[in-house]
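Chemist: Quick one: the structure is below, questions incoming.
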Amino acid sequence: MKTVPGPTGHVVVVGAGLAGLACALHLLGAGRSVSVVERESGPGGRAGRAETGGYLLDTGPTVLTMPHLADEAFAAVGDSLA
């Protein structure tokens with residue numbers, strides 16, 4: 001792995017699952033420029049959805065058991081889910 005010594009203004013987050021998106025929000029809140037890359041066609045990671053027979057089905061967790069983590073991520077950029 002290659003590292004960049006000292007702070008950098010631009011960070012690349014690999015993966016647009018819940019953790020990657022939360023990381024990106026915290027970095028943005030800290031004043032960094034962020035790019036998020038994801039191998040799938042959309043964000044969500046394991047918390048995605050699939051269409052089957054005209055129905056949308058959750059493919060991952062449907063309950064966030066620690067909502068304060070989502071609250072903290074949105075608060076980092078001055079926003080909220082409310």
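Quick note on naming: the chains in the structure tokens go A, B, ... in the order shown, residues restart at 1 in each chain, and ligands are numbered from 1 in order of appearance.
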Please identify the helix (DSSP H, G or I) residues within chain A (assignment by DSSP from backbone atoms) and present them as a list in words.
Modeler: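 Taking chain A and keeping helix (DSSP H, G or I) only, one gets Leu18, Ala19, Gly20, Leu21, Ala22, Cys23, Ala24, Leu25, His26, Leu27, Leu28, Gly29, Pro67, His68, Leu69, Ala70, Asp71, Glu72, Ala73, Phe74 and Ala75 of chain A.
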Chemist: Next, write the just-selected residues to a file, as a PDB file, in the first residue's frame, keeping C-alpha atoms as the atom set.
Modeler:
```
ATOM      1  CA  LEU A  18     -22.889   2.525   4.836  1.00  0.00           C
ATOM      2  CA  ALA A  19     -19.358   2.741   6.281  1.00  0.00           C
ATOM      3  CA  GLY A  20     -17.861   4.299   3.144  1.00  0.00           C
ATOM      4  CA  LEU A  21     -20.621   6.882   2.880  1.00  0.00           C
ATOM      5  CA  ALA A  22     -20.341   7.751   6.591  1.00  0.00           C
ATOM      6  CA  CYS A  23     -16.573   8.089   6.173  1.00  0.00           C
ATOM      7  CA  ALA A  24     -17.065  10.425   3.210  1.00  0.00           C
ATOM      8  CA  LEU A  25     -19.472  12.616   5.198  1.00  0.00           C
ATOM      9  CA  HIS A  26     -17.037  12.886   8.120  1.00  0.00           C
ATOM     10  CA  LEU A  27     -14.179  13.777   5.761  1.00  0.00           C
ATOM     11  CA  LEU A  28     -16.297  16.406   4.011  1.00  0.00           C
ATOM     12  CA  GLY A  29     -17.229  17.839   7.403  1.00  0.00           C
ATOM     13  CA  PRO A  67     -29.180   5.330  14.447  1.00  0.00           C
ATOM     14  CA  HIS A  68     -26.883   7.698  16.335  1.00  0.00           C
ATOM     15  CA  LEU A  69     -24.108   6.682  13.917  1.00  0.00           C
ATOM     16  CA  ALA A  70     -26.133   7.947  10.959  1.00  0.00           C
ATOM     17  CA  ASP A  71     -27.011  11.084  12.941  1.00  0.00           C
ATOM     18  CA  GLU A  72     -23.299  11.736  13.619  1.00  0.00           C
ATOM     19  CA  ALA A  73     -22.367  11.302   9.951  1.00  0.00           C
ATOM     20  CA  PHE A  74     -24.998  13.776   8.756  1.00  0.00           C
ATOM     21  CA  ALA A  75     -24.191  16.199  11.590  1.00  0.00           C
TER      22      ALA A  75
END
```
Chemist: Just want the 7 Å neighbourhood of stretch 4-15 of chain A, counted on only C-alpha atoms, with same-chain residues fewer than 5 positions away dropped. Output as a CSV table (one decimal) with C-alpha atoms, in the first residue's frame.
Modeler:
```csv
chain,number,residue,atom,x,y,z
A,20,GLY,CA,-17.9,4.3,3.1
A,24,ALA,CA,-17.1,10.4,3.2
A,32,ARG,CA,-11.5,17.5,2.8
A,33,SER,CA,-12.4,17.0,-0.8
A,34,VAL,CA,-13.7,13.4,-1.3
A,35,SER,CA,-14.3,11.0,-4.1
A,36,VAL,CA,-16.2,7.8,-3.5
A,37,VAL,CA,-15.7,4.9,-5.8
A,38,GLU,CA,-18.0,1.9,-6.0
```
Chemist: Just give me the gap between atom CA of A:Ala47 and atom CA of A:Asp79 in Å, one decimal is fine.
Modeler: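 Separation of atom CA of A:Ala47 and atom CA of A:Asp79: 21.5 Å.
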Chemist: Could you pull out all residues of chain A with a DSSP call of strand (DSSP E) and give them as a count of residues only?
Modeler: 18
